[in-house]
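Engineer: Dumping the structure here so I can ask a few things about it.
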Amino acid sequence: MNTMIALTGLGYDIHRFAEAPRPLMLGGVHIPSARGLDGHSDADVLCHAVADALLGAAGLPDIGFWFPPGDPACKDISSLDIVAKAVSLIRERGGRVVNVDSSLIAEAPRISPYLEQMKNALGSALGISAARVGVKATTNEQLGALGRREGIAAFAVASILMPEEEPQP
Ligand SMILES: Nc1ccn([C@@H]2O[C@H](COP(=O)(O)O)[C@@H](O)[C@H]2O)c(=O)n1
Ligand SMILES: C[C@@]1(CO)OP(=O)(O)OP(=O)(O)OC[C@H]1O
């Protein structure tokens with residue numbers, strides 16, 4: 001019988017605001033904002049942090065391995081697809097996602113009205129209930145680059161169950 005073990009992963013990402021107008025995507029949700037984030041993909045820092053947390057928990061290479069930075073195939077892709085890819089990689093190995101928690105660090109815009117939408121969108125991509133997805137927001141108390149509204153950052157942790165590897169003889 002295959003014993004399942006609980007594993008935890010951590011993800012972090014930061015993107016600067018773009019000079020040119022762009023939609024602001026966070027957790028797969030379009031947030032009304034005068035400015036969007038710069039990036040080759042849709043620059044969704046929250047999805048990128050969540051994907052890296054999942055990949056880290058599974059002991060797999062990080063997001064840039066599966067979606068090479070600047071790859072034409074990644075141009076403007078929805079980062080929910082990146083989260084879904086991380087979930088597939090875990091499932092292919094017999095694992096499953098238990099829960100995800102995350103924090104966005106943004107001086108602006110105000111994110112709290114969109115937290116439930118983000119939990120729903122991420123829950124769908126993760127294949128888990130929105131009740132098992134945490135999304136929180138905090139300012140950086142006007143400190144540093146984030147405090148000067150130069151960008152948005154996100155942290156995420158993920159808990160997954162994976163089949164325990166057979167001990168080597
Ligand atoms: N971009 C943001 C940042 C924060 N919030 C909400 O405000 C609360 C207080 O934030 P502090 O940084 O002052 O502690 C926080 O708990 C969030 O609910 C937000 O909506 N959007
Ligand atoms: C998914 C990728 C693909 O270019 O997205 P980017 O928008 O470049 O975002 P970043 O978090 O800098 O790096 C991850 C990349 O692999």
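Residues in the structure tokens are numbered from 1 in each chain, the chains being A, B, ... in the order shown, and ligands are numbered from 1 in the order shown.
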Give me, as a PyMOL selection string, all polymer residues having an atom no more than 10 Å from stretch 55-69 of chain A, counting only C-alpha atoms and skipping those fewer than 3 positions away in the same chain.
Structural biologist: chain A and resi 6-11+39-41+48-52+72-75+82-83+85-87+89-90+93+95-97+157-162
Engineer: Residues within 12 Å of ligand 1, counting only C-alpha atoms and all ligand atoms: report them as a PyMOL selection string.
Structural biologist: chain A and resi 26+31+33+103-116+135-143+146-147+149+151-154
Engineer: Export, as a compact mmCIF listing (two decimals), in the first residue's frame, the selected residues with C-alpha atoms.
Structural biologist:
# COMPACT_ATOMS: atom_id res chain seq x y z
CA LEU A 26 -4.36 38.93 -9.39
CA ILE A 31 -8.88 44.11 -10.63
CA SER A 33 -6.80 49.69 -11.59
CA SER A 103 -0.72 37.13 1.04
CA LEU A 104 -0.57 39.98 -1.45
CA ILE A 105 1.53 43.02 -0.56
CA ALA A 106 0.17 46.08 -2.34
CA GLU A 107 -0.09 49.69 -1.31
CA ALA A 108 -2.82 50.08 -3.93
CA PRO A 109 -5.33 49.33 -5.29
CA ARG A 110 -7.65 48.15 -2.54
CA ILE A 111 -7.87 44.39 -2.93
CA SER A 112 -10.24 43.22 -0.17
CA PRO A 113 -13.40 43.55 -2.35
CA TYR A 114 -11.95 40.91 -4.71
CA LEU A 115 -10.61 38.35 -2.24
CA GLU A 116 -13.59 35.98 -2.53
CA VAL A 135 -5.92 35.03 -0.02
CA LYS A 136 -5.10 38.04 2.12
CA ALA A 137 -3.88 41.56 1.40
CA THR A 138 -1.69 43.95 3.29
CA THR A 139 0.02 47.24 2.51
CA ASN A 140 3.76 47.64 3.04
CA GLU A 141 3.10 50.59 5.35
CA GLN A 142 4.63 52.91 2.70
CA LEU A 143 8.04 51.30 3.24
CA LEU A 146 6.28 48.28 -2.54
CA GLY A 147 5.45 51.18 -0.24
CA ARG A 149 3.69 51.77 -5.23
CA GLY A 151 4.90 47.02 -7.78
CA ILE A 152 3.00 44.23 -6.07
CA ALA A 153 4.41 41.11 -4.34
CA ALA A 154 2.85 37.85 -3.21
Engineer: Compare A:Met4, A:Glu150, A:Arg16, A:Asn99 by their minimum atom-to-atom distance to A:Arg132, counting only C-alpha atoms, and give me the closest one.
Structural biologist: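 Distance minimum relative to A:Arg132 lands on A:Asn99.
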Engineer: List as number ranges by chain the protein and nucleic acid residues near A:Asp44, meaning an atom at most 8 Å away when only C-alpha atoms are counted, but skip any in the same chain fewer than 3 places from it.
Structural biologist: A: 24-28, 37, 41, 47-48, 78-79
Engineer: Can you list, as a PyMOL selection string, all residues belonging to chain A that DSSP tags as strand (DSSP E)?
Structural biologist: chain A and resi 4-16+24-26+29-31+96-105+136-138+151-163
Engineer: Could you save the residues just selected, with C-alpha atoms, as a compact mmCIF listing (two decimals), in the first residue's frame?
Structural biologist:
# COMPACT_ATOMS: atom_id res chain seq x y z
CA MET A 4 0.72 9.39 1.52
CA ILE A 5 2.90 12.03 3.15
CA ALA A 6 2.06 15.70 3.71
CA LEU A 7 4.48 18.16 2.13
CA THR A 8 4.66 21.96 2.29
CA GLY A 9 5.99 24.47 -0.25
CA LEU A 10 6.69 28.21 -0.29
CA GLY A 11 6.35 30.59 -3.24
CA TYR A 12 7.17 34.26 -3.71
CA ASP A 13 6.93 36.65 -6.67
CA ILE A 14 7.10 40.37 -7.32
CA HIS A 15 6.29 42.40 -10.46
CA ARG A 16 6.72 46.11 -11.07
CA LEU A 24 -4.14 44.14 -13.43
CA MET A 25 -4.62 40.38 -12.90
CA LEU A 26 -4.36 38.93 -9.39
CA VAL A 29 -9.23 38.03 -11.34
CA HIS A 30 -9.20 41.32 -13.22
CA ILE A 31 -8.88 44.11 -10.63
CA ARG A 96 -3.18 16.02 -4.59
CA VAL A 97 -3.46 19.55 -3.27
CA VAL A 98 -4.75 19.96 0.29
CA ASN A 99 -4.76 23.72 0.77
CA VAL A 100 -3.07 26.97 -0.20
CA ASP A 101 -2.64 30.19 1.73
CA SER A 102 -1.29 33.45 0.37
CA SER A 103 -0.72 37.13 1.04
CA LEU A 104 -0.57 39.98 -1.45
CA ILE A 105 1.53 43.02 -0.56
CA LYS A 136 -5.10 38.04 2.12
CA ALA A 137 -3.88 41.56 1.40
CA THR A 138 -1.69 43.95 3.29
CA GLY A 151 4.90 47.02 -7.78
CA ILE A 152 3.00 44.23 -6.07
CA ALA A 153 4.41 41.11 -4.34
CA ALA A 154 2.85 37.85 -3.21
CA PHE A 155 3.77 35.03 -0.85
CA ALA A 156 2.09 31.62 -0.90
CA VAL A 157 2.32 28.35 0.97
CA ALA A 158 0.88 25.09 -0.28
CA SER A 159 0.20 21.80 1.42
CA ILE A 160 -0.03 18.67 -0.72
CA LEU A 161 -0.26 14.91 -0.22
CA MET A 162 2.18 12.76 -2.21
CA PRO A 163 2.85 9.03 -2.30
Engineer: Given the choices A:Pro23, A:Gly134, A:Pro32, A:Gly70, which gets closest to ligand 2 if the distance is worked out from only C-alpha atoms and all ligand atoms?
Structural biologist: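 When distances to ligand 2 are compared using only C-alpha atoms and all ligand atoms, the smallest one comes from A:Gly70.
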Engineer: Would you list the contacts of A:Ala125 as a PyMOL selection string, taking every protein, DNA or RNA residue within 7 Å and counting only C-alpha atoms, but skipping same-chain residues closer than 2 positions in sequence?
Structural biologist: chain A and resi 80+83-84+121-123+127
Engineer: Counting only C-alpha atoms and all ligand atoms, figure out which residue out of A:Leu126, A:Ala20, A:Ile77, A:Ala34 gets nearest to ligand 2.
Structural biologist: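 Result for the nearest residue to ligand 2: A:Ile77.
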Engineer: Calculated over only C-alpha atoms and all ligand atoms, which of the candidates A:Glu92, A:Asp42, A:Asp81, A:Glu164 has the smallest distance to ligand 2?
Structural biologist: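 Closest residue, counting only C-alpha atoms and all ligand atoms: A:Asp42.
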Engineer: From a DSSP calculation on the backbone, collect every residue of stretch 68-146 of chain A in alpha helix (DSSP H) and output the set as a list in words.
Structural biologist: Ser79, Leu80, Asp81, Ile82, Val83, Ala84, Lys85, Ala86, Val87, Ser88, Leu89, Ile90, Arg91, Glu92, Leu115, Glu116, Gln117, Met118, Lys119, Asn120, Ala121, Leu122, Gly123, Ser124, Ala125, Leu126, Gly144, Ala145 and Leu146 of chain A
